Amino acid sequence: MVDTTKNTQIYETWGRNVAKPVNPNVAGKVITKAKRPLLVVASELLKDEKLVEKAIAIAKKGIPVAATGHSITALMDKGIDAKYINIHSLATFLGDARWSGLDGKGSYDTIVFLGHKKYYLNQVLAGLKNFTDLKTLCIERHYMQNSSLSFGNLKADVHFEALDELIDNL
Amino acid sequence: MVDTTKNTQIYETWGRNVAKPVNPNVAGKVITKAKRPLLVVASELLKDEKLVEKAIAIAKKGIPVAATGHSITALMDKGIDAKYINIHSLATFLGDARWSGLDGKGSYDTIVFLGHKKYYLNQVLAGLKNFTDLKTLCIERHYMQNSSLSFGNLKADVHFEALDELIDNL
Amino acid sequence: MTDIKTGQISIDDLENVQITIGKIVGAIEKKAKDEGVKVGPTPKPGISTLRSWDHKILSRYHPVYTPACDQCCYCTYGKCDLSGNKEGACGINMAAHNARETLLRVITGAAAHSAHGRHILHHLIDLYGNDKTIDMGPSNLLAPNTLAVTGIKPETLGDLEEVLDYVEEQITQLLATIQVGQEGGAIDFESKILHGGMLDHVGMEVSELAQVSSMQMPKSDPDTPLVEIGMGCIDASKPVLLVIGHNVAGVTYIMDYIHDHELDDKIEVAGLCCTAIDMTRYKVENGGKPRAKIVGTMAKELKMIRSGVADLIVVDEQCVRADVLDEAKKLSIPVIATNEKIMYGLPDRSADDPKDIIDDLASRKEDGALILDFHVLGQVGPELAIKMSKIRDEMGIKALPKEEDMQGLASKCIYCGACEMDCPDNLPIMEAMKAGVDSDLSKFEYLHDKCIACGRCDQACPKEIPILNLIEKASQKLIREEKGYVRAGRGQISDPEIREEGVNLVLGTTPGIIAMVGCSNYADGTRDYFKVADEMLKRNYIVVTSGCAAMDLGMYKNEEGETLYEKYPAKFLAGNLINVGSCVSNSHITGTAIKVAAIFAQRQVAGNYEEIADYIANRIGAVGVAWGAYSQKAVAIGSGCNRLGIPVVVGPHGSKYRRALIGKPYEEEEWKVYDARNGEQMPIPTSPEFMLTTVESVEELLPILAKNCIRPSDNNMGRMIKLTHYIELSQKYLGHMPYDWYNFVRTETDLPLAKREELLKILEKEHGWEIDWKRKKILSGPSMKSDVSAQPTNVKRLCKGEC
Amino acid sequence: MTDIKTGQISIDDLENVQITIGKIVGAIEKKAKDEGVKVGPTPKPGISTLRSWDHKILSRYHPVYTPACDQCCYCTYGKCDLSGNKEGACGINMAAHNARETLLRVITGAAAHSAHGRHILHHLIDLYGNDKTIDMGPSNLLAPNTLAVTGIKPETLGDLEEVLDYVEEQITQLLATIQVGQEGGAIDFESKILHGGMLDHVGMEVSELAQVSSMQMPKSDPDTPLVEIGMGCIDASKPVLLVIGHNVAGVTYIMDYIHDHELDDKIEVAGLCCTAIDMTRYKVENGGKPRAKIVGTMAKELKMIRSGVADLIVVDEQCVRADVLDEAKKLSIPVIATNEKIMYGLPDRSADDPKDIIDDLASRKEDGALILDFHVLGQVGPELAIKMSKIRDEMGIKALPKEEDMQGLASKCIYCGACEMDCPDNLPIMEAMKAGVDSDLSKFEYLHDKCIACGRCDQACPKEIPILNLIEKASQKLIREEKGYVRAGRGQISDPEIREEGVNLVLGTTPGIIAMVGCSNYADGTRDYFKVADEMLKRNYIVVTSGCAAMDLGMYKNEEGETLYEKYPAKFLAGNLINVGSCVSNSHITGTAIKVAAIFAQRQVAGNYEEIADYIANRIGAVGVAWGAYSQKAVAIGSGCNRLGIPVVVGPHGSKYRRALIGKPYEEEEWKVYDARNGEQMPIPTSPEFMLTTVESVEELLPILAKNCIRPSDNNMGRMIKLTHYIELSQKYLGHMPYDWYNFVRTETDLPLAKREELLKILEKEHGWEIDWKRKKILSGPSMKSDVSAQPTNVKRLCKGEC
Ligand code: SF4
Ligand code: SF4
Ligand code: SF4
Ligand code: SF4
Ligand code: SF4
Ligand code: SF4
Ligand code: SF4
Ligand code: SF4
């Protein structure tokens, strides 16, 4: 089992609430238990074909995907439920009970993030953390302190291992 | 052995550098190893006679005392080397290589704190942390995040136990 | 070229007419000159004009930074971690950034006062015209801060506009330097801080000049009436109209409406914060009766609202809790916002029929209204309060928990500690909960005075226990007894008073001025402040006070059952207690120091800031104490004092201002000035030891106050008196002789008479001084000579023979 | 009462003369009236005056907060933990506090521009007098922002003082609301943000009006010269005088001195940031040759200094690194500070003999000097640069590491990751180190364009590896090639241009204006911006640019080896690339929109802000992009655009501004306006979809730009063109048809001609629209009608039949 909880080093602090470091199996359980999870991927995904594969693998487990930035270009025609949306809009709508989701089927409860710029995602998460009750889970290479749950800081290869383990747990 | 390192809960953050939680035996060693330690006590000491006793016991091990606030009133004629000074002045002088100390014998290297208001001490420590190379050690009931080393948040009785253990280690 | 000498000018057609603000500025300065006001070297100083003076102050008083955060979050290059004095992405380091942060807070405070001034000035000019004369009582020097800074001697309300133009321009210049990529030098941010502080006093002065002159407020009157203060003095059986804020402009319409409609006895008008103070000054000139009661400081806001006593809340600006609307709503209290600065998102009803507004608020269709038209406000306020009183009675609104529910609420506690961790003073709430389970409410009662009613514990509690309400409920008996008296704010110190007392101050025979000002964020409750004032008044210090401090001082009674205001007179004389007024009246405190330089010492004031400051720094033994300072305004006021060389102490929470200015008594080279008679350097006593510092407890504070009133100009009698108090207060509160008392001794006549022999012995034994025991004279030892005719100055150019 | 009609007034004796600023304000407004300028309902709006307009914007564009911190550290009640939207000790909650924080940053930016304006205005009035005519080229509407906001139509420099008085007063009012205990409503902080943004554009405009009019800068000139840009264009063999900052006032004296002393060829004058831009505008009116080169943006500051090429650095204000003095010192480069805002603690030498200053700096007795006297500066600058050039050559100053030391330095790396963690963009520094050990420097070279030269990695490295220097050394070849051209800032868009292009803009046949502005904090290097401009220019959008963006756009060449400035003309016409000038020239961008409303649509401008904003919001398809925005000025500029209804996109770092304004396309009720013809509600397209938002990559950005140029007023041709670009850009950069394209279709004629049939099929199949296939007409489906004569407005009072 990969331990993804160890290195939670940060450059700056937001405040006293920080993400709980999680291991891949726990992360998997969190997603599985979610009533309506959403995987949010972003353009950093495109920097590594392997990352794209993992994202698709997660999506194939039946998890709808919000593709932010221009990440959608790697996800089309892959037989998954992915839709482009701007992440700042998405985060706004996620906190709005009146939004019916990307597919019109209603709101989400657990939001999983992969392939984002670290500083950008932490800002988006700061909004979600402070103004919504959503559970957020970051399965990034970096520890995302503003998430509810997050992997720690990982080396690239460990990260892929962890994602595989997570996928196995879905 | 009392474990004083567990509860490092905080209300607010200053930044990414936070005090290393220490146990009493380690704290004792830090003081013993210091070239020139200084115990800085403050007025909160006066709220508990027991705390005064502990401070005196530490001082009796030959550690000079800076008595801030009006804590000096409890420390006079106790056969210890204690002198009144305002803590903001003290912290200023501590960072100045040209200051020759409370006794004219030169500067200090390890500063130990007991009996302070939590928020006040954390501010003073913020100054020392950012602008000096001093080692600071807090043996308070509260976790003092801006210290180099600190006890965690303790119950009153555990705190006294911890202080006793520390004294035994001097 | 058209020349006009007198009369009103109306310019109907400006085609080809060249008038500029700049030229009128010149003209007004010319006017000053024509009136015999010689304008000094620095009228309307810019950011760099007084920089060399600042650098002088800063070379003795070292900026000390205690960051409130290790990070900077000003721009999107950030956040940057500056810990260990690292540089951020823009190259700024921790020291410079903390100076910048302090500057930001200082100009925020200065802006608050100046914007308040602009608002009330516009309002009063609308009412009374530009020609309305400024009248502050028996004073030729009406506007000491304004004159010293700008060189303008304002005589009418209209004259004040130019003063504010200058202040606003400079505040904008300073705010610009907060922008990422501007100043990089901490020392120059420090100079800018002092500039901002100076501007603050001008802004305050303008507000005060305008309101005192136009609102029939007391004018240099030592015999102002005593005003009831305290939550206990509010008659809840009447409709209660509660006002919160700082700017009295709007509420005067309410007060007038009440008076004109003979409702004075039918309605209880009470105020919180400085609006309260100014309400009690409104129309009490020449013996008028105060038309309002004072509840207290910001620390009483939530307590008062939560008590449910108010039937209507009217807010204006500054020091108003952001949650007033939410809190009031829970208790069906309508809220009226009356100032652009606080609008709470409320619908603007300024142009509506008062009846409609009253209907909508009374029916609770709306939670509140924004009313910027004061005529509408004047009517809506009282009528709505009366109406709501009945409605709320009928609704049976219950505010605090019932006696019988207390135990149950306390039992909900799971002792998680969140409340104590979140309480700014880490008050022992869990103990109180524990006792509460056994129906022992005494520990809640104990918290009442220490609790500043910030509400953070309530926000933190996972069990949603209304902690503050428990405290307040348990303290009902205390609160009922919480009544006292404040002497209504007297305004300026008059010229004759300065003439009389100036010499005593400069020679030290009046041991000093203790200015007790600022907010209510005390570390250990309000009674501390009473203790300080009482002690210093007994010792013949002049205690000057204002704002929240002035209120809190009125809440306690001595052994004889008297408040300090009843016990001590309010003249500008040793042993007097002077409430100058509200926050903006703080300008009278610096103003007094300037007036001493001007009237007693005949220094030129107009546009001559440096010389005035230099005079004050070396000769006037004044210390400011803002024990509960929490706001940006407080740090602005303090910085303004500092630029004049007046030291300021804040309580322990003040360490969160991030910065202090602290002297190093062991650096002998830094404690020297010039003797203006010959330009030679002379050593000075290490007092004031700081310009801005924090102190932990009032026991520590008291000797510090005495010591830091010592000045180079003290004559032997003066020094003896000051030293006596320093030694006595150290012995009384710290249990010992101070370590450094002998540093202040120049000659045996500086020594307290009663202890002279004893002290001489110590000097001989412990410090190796040579004593001629026959004549009881000091032969050698002191590092300073006693020479009352010396003219200490920090400014070389003021020495004889210099430029 | 003395009435004067014409002539100059000199007031020698003002005794009993009543002149007030207020009255002169009235007089100037009267003057405007007399000149036929009708003043609208809101001249010189206060904080609440335009609040109802703001609330309209804010009801569609929801404030979204992404806090940069969970805490508030404004006052000593704090720090307060506001996480989870809790309230702090003053009762403010997270949402309101974040709005407050944004307001603070916005007014900081506005203050920076206005304080700059005040400085340069004072300076130019000193030089040229109050009567100096404002001349912006072929324009009657010289000062569109000023006129719309204040109602003042300034004609001379002197007229601008009153404008700044107003701006400074309002900035002070807004700053006051930052004080703890003021506004509690997030929505009203939002309104204040928009107010602050509006003021910013007035402040910028004043600066620009003053400098363009007085400094012989190009005046609405589309044919300004091309200026050399890039670190590669600096001739290091000559003495290099490097200027950094934003305020060109001082450096003009240096340029004149050089010219007058025929040193033009002997000295290399180059600039960073906006001073550079304005240096290249100085005296190039009517075909003058630029007298300086441009190095680039703030992201080049540290790179340029560290290169060691400069022999003297002159700084003025804004966007100047705080560590310039420290960095320069290491390389024996003297620094001259020339502005009160940045003084670096340097000794003030303004009154000294230039020779003495030169000696002290050249001998390195002093690291730098503060010179506020521009005559002294003019002489010291060039002479010192020449002198230092020789001295520094002789000293053999080496800046970057030597080739042979590179490997050794890289080998010191312990791969701790501190640098990457601290790098704002988490750039892969360790990889480069790893490769560097094997003497492969390509990975350092790769970092060069992505690196914004913030220096945080250097600060972080425990092994003290000069990381940035390694990057720069490895990129010497790249840097040598780093040269391009920028078209010198042309200034305002002239009235005739507006007349010609206005109709195309409003009807949409010119698909939109893309304003590419702001700083250089790009997420992924500078080339991205080039890509955006190139794409949009090819598509016939008007690209307007300024400041750092304008510089960066000139750094790249297309396949033909041309810079965009060489390829595209600079008229106000579709497919043109316009550099208006420096940061303060951004006021021309909003000014252009106002001019379209005024000149093309004949709307009243003076004091009629709401109507103008309403016109622009509904009709002008402009989108601002500040891709690398980092400063407070940038967010101020953006907020000013927002109050006019112009949407702004910032790059991902912009999320740290903490707040966005985002619409909800799924809330149908929020996408309606009135038809001014009859007051009926009509649906509008969901564009702009936001007022302020962040976008992650330029690939995502491009379709967003196209979509958000759509406006209700588009005619069918216009809508068709805009839709075409939206669809094509989505397909090109996101690989698919956008999901919402059909929402913008009102009738078949809105559909791109080439794809009409295909799209009609989709509409029928996927969206259930009814199509008459014979006539290829849409029978039902669209939620909007196509009606070009509709008059969309958000403001009920502007409808026929309303007041
Ligand atoms: S300075 Fe204040 S707001 Fe900024 S990160 Fe630190 S605590 Fe948070
Ligand atoms: S102002 Fe400077 S230190 Fe602060 S966040 Fe911006 S770059 Fe970092
Ligand atoms: S309301 Fe009182 S007890 Fe509660 S946190 Fe504030 S000060 Fe502490
Ligand atoms: S926060 Fe609430 S539950 Fe926890 S200790 Fe305090 S009162 Fe008890
Ligand atoms: S302004 Fe309010 S939230 Fe901020 S620190 Fe002060 S009390 Fe706390
Ligand atoms: S200087 Fe460049 S590499 Fe270093 S931290 Fe800054 S952006 Fe990153
Ligand atoms: S901080 Fe320095 S030692 Fe650490 S990885 Fe970066 S370059 Fe290497
Ligand atoms: S665009 Fe940004 S970085 Fe460039 S000069 Fe303007 S504010 Fe500074």
# chains A, B, ... in the order shown; residues from 1 in each chain; ligands from 1
call {"tool": "closest_atom_pairs", "arguments": {"of": "chain B", "to": "chain A", "cutoff": "8 Å", "atoms": "only C-alpha atoms", "output": "JSON lines"}}
result
{"residue": "B:Ile10", "atom": "CA", "partner": "A:Arg16", "partner_atom": "CA", "distance": 6.6}
{"residue": "B:Tyr11", "atom": "CA", "partner": "A:Arg16", "partner_atom": "CA", "distance": 6.4}
{"residue": "B:Glu12", "atom": "CA", "partner": "A:Arg16", "partner_atom": "CA", "distance": 5.7}
{"residue": "B:Thr13", "atom": "CA", "partner": "A:Gly15", "partner_atom": "CA", "distance": 5.4}
{"residue": "B:Trp14", "atom": "CA", "partner": "A:Thr13", "partner_atom": "CA", "distance": 7.5}
{"residue": "B:Gly15", "atom": "CA", "partner": "A:Thr13", "partner_atom": "CA", "distance": 5.4}
{"residue": "B:Arg16", "atom": "CA", "partner": "A:Glu12", "partner_atom": "CA", "distance": 5.7}
call {"tool": "select_by_dssp", "arguments": {"residues": "stretch 5-168 of chain B", "states": "strand (DSSP E or B)", "output": "PDB file with N, CA, C and O atoms, in the first residue's frame"}}
result
ATOM      1  N   LYS B  20       8.129  23.175  17.279  1.00  0.00           N
ATOM      2  CA  LYS B  20       8.232  21.733  17.423  1.00  0.00           C
ATOM      3  C   LYS B  20       7.736  21.366  18.820  1.00  0.00           C
ATOM      4  O   LYS B  20       8.225  21.920  19.809  1.00  0.00           O
ATOM      5  N   PRO B  21       6.786  20.469  18.898  1.00  0.00           N
ATOM      6  CA  PRO B  21       6.299  20.082  20.230  1.00  0.00           C
ATOM      7  C   PRO B  21       7.372  19.271  20.957  1.00  0.00           C
ATOM      8  O   PRO B  21       8.008  18.408  20.343  1.00  0.00           O
ATOM      9  N   PRO B  37      21.149  30.387  29.061  1.00  0.00           N
ATOM     10  CA  PRO B  37      19.692  30.414  28.976  1.00  0.00           C
ATOM     11  C   PRO B  37      19.117  31.570  29.791  1.00  0.00           C
ATOM     12  O   PRO B  37      19.790  32.118  30.671  1.00  0.00           O
ATOM     13  N   LEU B  38      17.907  31.935  29.461  1.00  0.00           N
ATOM     14  CA  LEU B  38      17.195  32.955  30.244  1.00  0.00           C
ATOM     15  C   LEU B  38      15.758  32.488  30.403  1.00  0.00           C
ATOM     16  O   LEU B  38      15.114  32.097  29.423  1.00  0.00           O
ATOM     17  N   LEU B  39      15.297  32.515  31.626  1.00  0.00           N
ATOM     18  CA  LEU B  39      13.885  32.194  31.875  1.00  0.00           C
ATOM     19  C   LEU B  39      13.103  33.505  31.923  1.00  0.00           C
ATOM     20  O   LEU B  39      13.457  34.406  32.695  1.00  0.00           O
ATOM     21  N   VAL B  40      12.090  33.620  31.099  1.00  0.00           N
ATOM     22  CA  VAL B  40      11.283  34.837  31.088  1.00  0.00           C
ATOM     23  C   VAL B  40       9.901  34.499  31.633  1.00  0.00           C
ATOM     24  O   VAL B  40       9.177  33.695  31.044  1.00  0.00           O
ATOM     25  N   VAL B  41       9.583  35.064  32.760  1.00  0.00           N
ATOM     26  CA  VAL B  41       8.262  34.806  33.338  1.00  0.00           C
ATOM     27  C   VAL B  41       7.424  36.072  33.291  1.00  0.00           C
ATOM     28  O   VAL B  41       7.938  37.174  33.144  1.00  0.00           O
ATOM     29  N   VAL B  65      16.599  34.990  35.563  1.00  0.00           N
ATOM     30  CA  VAL B  65      15.193  35.203  35.276  1.00  0.00           C
ATOM     31  C   VAL B  65      14.915  36.652  34.892  1.00  0.00           C
ATOM     32  O   VAL B  65      15.345  37.577  35.589  1.00  0.00           O
ATOM     33  N   ALA B  66      14.217  36.828  33.797  1.00  0.00           N
ATOM     34  CA  ALA B  66      13.665  38.133  33.459  1.00  0.00           C
ATOM     35  C   ALA B  66      12.205  38.089  33.886  1.00  0.00           C
ATOM     36  O   ALA B  66      11.448  37.244  33.419  1.00  0.00           O
ATOM     37  N   ALA B  67      11.843  38.983  34.798  1.00  0.00           N
ATOM     38  CA  ALA B  67      10.470  38.989  35.305  1.00  0.00           C
ATOM     39  C   ALA B  67       9.718  40.116  34.624  1.00  0.00           C
ATOM     40  O   ALA B  67       9.968  41.285  34.885  1.00  0.00           O
ATOM     41  N   ALA B  82      16.596  37.249  39.643  1.00  0.00           N
ATOM     42  CA  ALA B  82      15.467  37.726  38.835  1.00  0.00           C
ATOM     43  C   ALA B  82      15.465  39.237  38.759  1.00  0.00           C
ATOM     44  O   ALA B  82      15.771  39.922  39.732  1.00  0.00           O
ATOM     45  N   LYS B  83      15.139  39.741  37.629  1.00  0.00           N
ATOM     46  CA  LYS B  83      15.140  41.180  37.439  1.00  0.00           C
ATOM     47  C   LYS B  83      13.935  41.581  36.593  1.00  0.00           C
ATOM     48  O   LYS B  83      13.610  40.913  35.615  1.00  0.00           O
ATOM     49  N   TYR B  84      13.308  42.694  36.975  1.00  0.00           N
ATOM     50  CA  TYR B  84      12.169  43.176  36.198  1.00  0.00           C
ATOM     51  C   TYR B  84      12.614  43.768  34.862  1.00  0.00           C
ATOM     52  O   TYR B  84      13.601  44.488  34.788  1.00  0.00           O
ATOM     53  N   THR B 110      19.291  30.826  24.605  1.00  0.00           N
ATOM     54  CA  THR B 110      18.071  30.027  24.689  1.00  0.00           C
ATOM     55  C   THR B 110      17.108  30.695  25.663  1.00  0.00           C
ATOM     56  O   THR B 110      17.462  30.943  26.818  1.00  0.00           O
ATOM     57  N   ILE B 111      15.927  30.983  25.180  1.00  0.00           N
ATOM     58  CA  ILE B 111      15.007  31.750  26.005  1.00  0.00           C
ATOM     59  C   ILE B 111      13.797  30.862  26.332  1.00  0.00           C
ATOM     60  O   ILE B 111      13.152  30.323  25.432  1.00  0.00           O
ATOM     61  N   VAL B 112      13.550  30.739  27.620  1.00  0.00           N
ATOM     62  CA  VAL B 112      12.479  29.865  28.090  1.00  0.00           C
ATOM     63  C   VAL B 112      11.341  30.724  28.640  1.00  0.00           C
ATOM     64  O   VAL B 112      11.584  31.674  29.385  1.00  0.00           O
ATOM     65  N   PHE B 113      10.115  30.396  28.256  1.00  0.00           N
ATOM     66  CA  PHE B 113       8.989  31.239  28.645  1.00  0.00           C
ATOM     67  C   PHE B 113       7.987  30.491  29.516  1.00  0.00           C
ATOM     68  O   PHE B 113       7.612  29.358  29.214  1.00  0.00           O
ATOM     69  N   LEU B 114       7.538  31.181  30.563  1.00  0.00           N
ATOM     70  CA  LEU B 114       6.526  30.599  31.447  1.00  0.00           C
ATOM     71  C   LEU B 114       5.682  31.714  32.073  1.00  0.00           C
ATOM     72  O   LEU B 114       6.223  32.711  32.548  1.00  0.00           O
ATOM     73  N   LYS B 135      17.051  30.510  20.133  1.00  0.00           N
ATOM     74  CA  LYS B 135      16.211  29.339  20.361  1.00  0.00           C
ATOM     75  C   LYS B 135      15.198  29.705  21.438  1.00  0.00           C
ATOM     76  O   LYS B 135      15.572  30.207  22.503  1.00  0.00           O
ATOM     77  N   THR B 136      13.945  29.505  21.160  1.00  0.00           N
ATOM     78  CA  THR B 136      12.928  29.824  22.153  1.00  0.00           C
ATOM     79  C   THR B 136      12.193  28.542  22.545  1.00  0.00           C
ATOM     80  O   THR B 136      11.907  27.699  21.702  1.00  0.00           O
ATOM     81  N   LEU B 137      11.907  28.455  23.815  1.00  0.00           N
ATOM     82  CA  LEU B 137      11.270  27.244  24.351  1.00  0.00           C
ATOM     83  C   LEU B 137      10.119  27.662  25.259  1.00  0.00           C
ATOM     84  O   LEU B 137      10.321  28.381  26.240  1.00  0.00           O
ATOM     85  N   CYS B 138       8.919  27.238  24.923  1.00  0.00           N
ATOM     86  CA  CYS B 138       7.771  27.596  25.750  1.00  0.00           C
ATOM     87  C   CYS B 138       7.326  26.404  26.571  1.00  0.00           C
ATOM     88  O   CYS B 138       7.041  25.340  26.020  1.00  0.00           O
ATOM     89  N   LEU B 149      10.434  25.720  20.134  1.00  0.00           N
ATOM     90  CA  LEU B 149       9.985  24.489  20.789  1.00  0.00           C
ATOM     91  C   LEU B 149       8.878  24.847  21.756  1.00  0.00           C
ATOM     92  O   LEU B 149       8.900  25.917  22.363  1.00  0.00           O
ATOM     93  N   SER B 150       7.932  23.951  21.929  1.00  0.00           N
ATOM     94  CA  SER B 150       6.830  24.276  22.834  1.00  0.00           C
ATOM     95  C   SER B 150       6.151  23.016  23.343  1.00  0.00           C
ATOM     96  O   SER B 150       6.117  21.998  22.655  1.00  0.00           O
TER      97      SER B 150
END
call {"tool": "select_by_dssp", "arguments": {"residues": "stretch 199-417 of chain C", "states": "alpha helix (DSSP H)", "output": "PyMOL selection string"}}
result
chain C and resi 199-214+249-260+273-279+301-307+324-330+354-362+374-395+406-411
call {"tool": "write_last_selection", "arguments": {"atoms": "C-alpha atoms", "output": "CSV table (one decimal), in the first residue's frame"}}
result
chain,number,residue,atom,x,y,z
C,199,LEU,CA,-2.6,63.8,9.2
C,200,ASP,CA,-4.9,61.9,11.5
C,201,HIS,CA,-4.8,64.6,14.1
C,202,VAL,CA,-5.6,67.2,11.5
C,203,GLY,CA,-8.5,65.1,10.3
C,204,MET,CA,-9.8,64.7,13.9
C,205,GLU,CA,-9.4,68.3,14.6
C,206,VAL,CA,-11.4,69.3,11.6
C,207,SER,CA,-14.3,67.1,12.7
C,208,GLU,CA,-14.2,68.5,16.2
C,209,LEU,CA,-13.9,72.1,15.1
C,210,ALA,CA,-16.9,71.7,12.9
C,211,GLN,CA,-19.1,70.0,15.4
C,212,VAL,CA,-18.2,72.0,18.5
C,213,SER,CA,-18.6,75.3,16.6
C,214,SER,CA,-22.0,74.4,15.0
C,249,ALA,CA,-24.8,64.4,12.5
C,250,GLY,CA,-27.9,62.3,11.9
C,251,VAL,CA,-29.0,61.6,15.4
C,252,THR,CA,-29.2,65.3,16.2
C,253,TYR,CA,-32.3,65.4,14.1
C,254,ILE,CA,-33.7,62.6,16.2
C,255,MET,CA,-32.9,64.5,19.3
C,256,ASP,CA,-34.4,67.7,18.0
C,257,TYR,CA,-37.5,65.9,16.9
C,258,ILE,CA,-37.9,64.4,20.3
C,259,HIS,CA,-37.4,67.8,22.0
C,260,ASP,CA,-39.6,69.7,19.6
C,273,CYS,CA,-19.4,54.5,21.4
C,274,CYS,CA,-18.5,58.1,20.4
C,275,THR,CA,-21.9,59.0,19.0
C,276,ALA,CA,-23.0,58.6,22.6
C,277,ILE,CA,-20.4,61.0,23.9
C,278,ASP,CA,-21.3,63.6,21.2
C,279,MET,CA,-25.0,63.2,21.8
C,301,GLU,CA,-22.6,46.6,21.9
C,302,LEU,CA,-23.4,42.9,21.7
C,303,LYS,CA,-24.3,42.8,25.3
C,304,MET,CA,-26.7,45.7,24.9
C,305,ILE,CA,-28.3,44.4,21.7
C,306,ARG,CA,-28.6,40.9,23.1
C,307,SER,CA,-30.3,42.3,26.2
C,324,VAL,CA,-25.9,44.6,14.2
C,325,LEU,CA,-28.6,43.9,11.6
C,326,ASP,CA,-28.5,40.1,12.0
C,327,GLU,CA,-28.4,40.3,15.8
C,328,ALA,CA,-31.2,42.9,15.9
C,329,LYS,CA,-33.3,40.9,13.5
C,330,LYS,CA,-33.4,37.9,15.9
C,354,PRO,CA,-41.6,58.5,6.8
C,355,LYS,CA,-45.0,56.8,7.4
C,356,ASP,CA,-44.3,54.2,4.8
C,357,ILE,CA,-40.9,53.5,6.2
C,358,ILE,CA,-42.4,53.2,9.8
C,359,ASP,CA,-45.0,50.8,8.5
C,360,ASP,CA,-42.6,48.6,6.7
C,361,LEU,CA,-40.3,48.3,9.6
C,362,ALA,CA,-42.9,48.0,12.3
C,374,PHE,CA,-31.9,63.4,8.2
C,375,HIS,CA,-35.2,65.1,8.2
C,376,VAL,CA,-36.8,61.8,7.4
C,377,LEU,CA,-34.6,60.1,9.9
C,378,GLY,CA,-35.5,62.6,12.6
C,379,GLN,CA,-39.2,61.7,12.3
C,380,VAL,CA,-38.9,58.0,11.7
C,381,GLY,CA,-36.5,57.4,14.6
C,382,PRO,CA,-38.6,58.4,17.6
C,383,GLU,CA,-41.9,57.4,16.1
C,384,LEU,CA,-40.7,54.0,15.1
C,385,ALA,CA,-39.1,53.5,18.5
C,386,ILE,CA,-42.4,54.3,20.3
C,387,LYS,CA,-44.3,52.0,18.0
C,388,MET,CA,-41.9,49.2,18.2
C,389,SER,CA,-41.8,49.4,22.0
C,390,LYS,CA,-45.5,48.5,22.1
C,391,ILE,CA,-45.2,45.9,19.3
C,392,ARG,CA,-42.2,44.2,20.9
C,393,ASP,CA,-43.9,44.1,24.3
C,394,GLU,CA,-46.9,42.5,22.8
C,395,MET,CA,-44.8,40.0,20.9
C,406,MET,CA,-29.4,28.2,32.4
C,407,GLN,CA,-28.5,24.8,33.9
C,408,GLY,CA,-29.7,23.0,30.9
C,409,LEU,CA,-27.7,25.1,28.5
C,410,ALA,CA,-24.6,24.7,30.6
C,411,SER,CA,-25.1,20.9,30.6
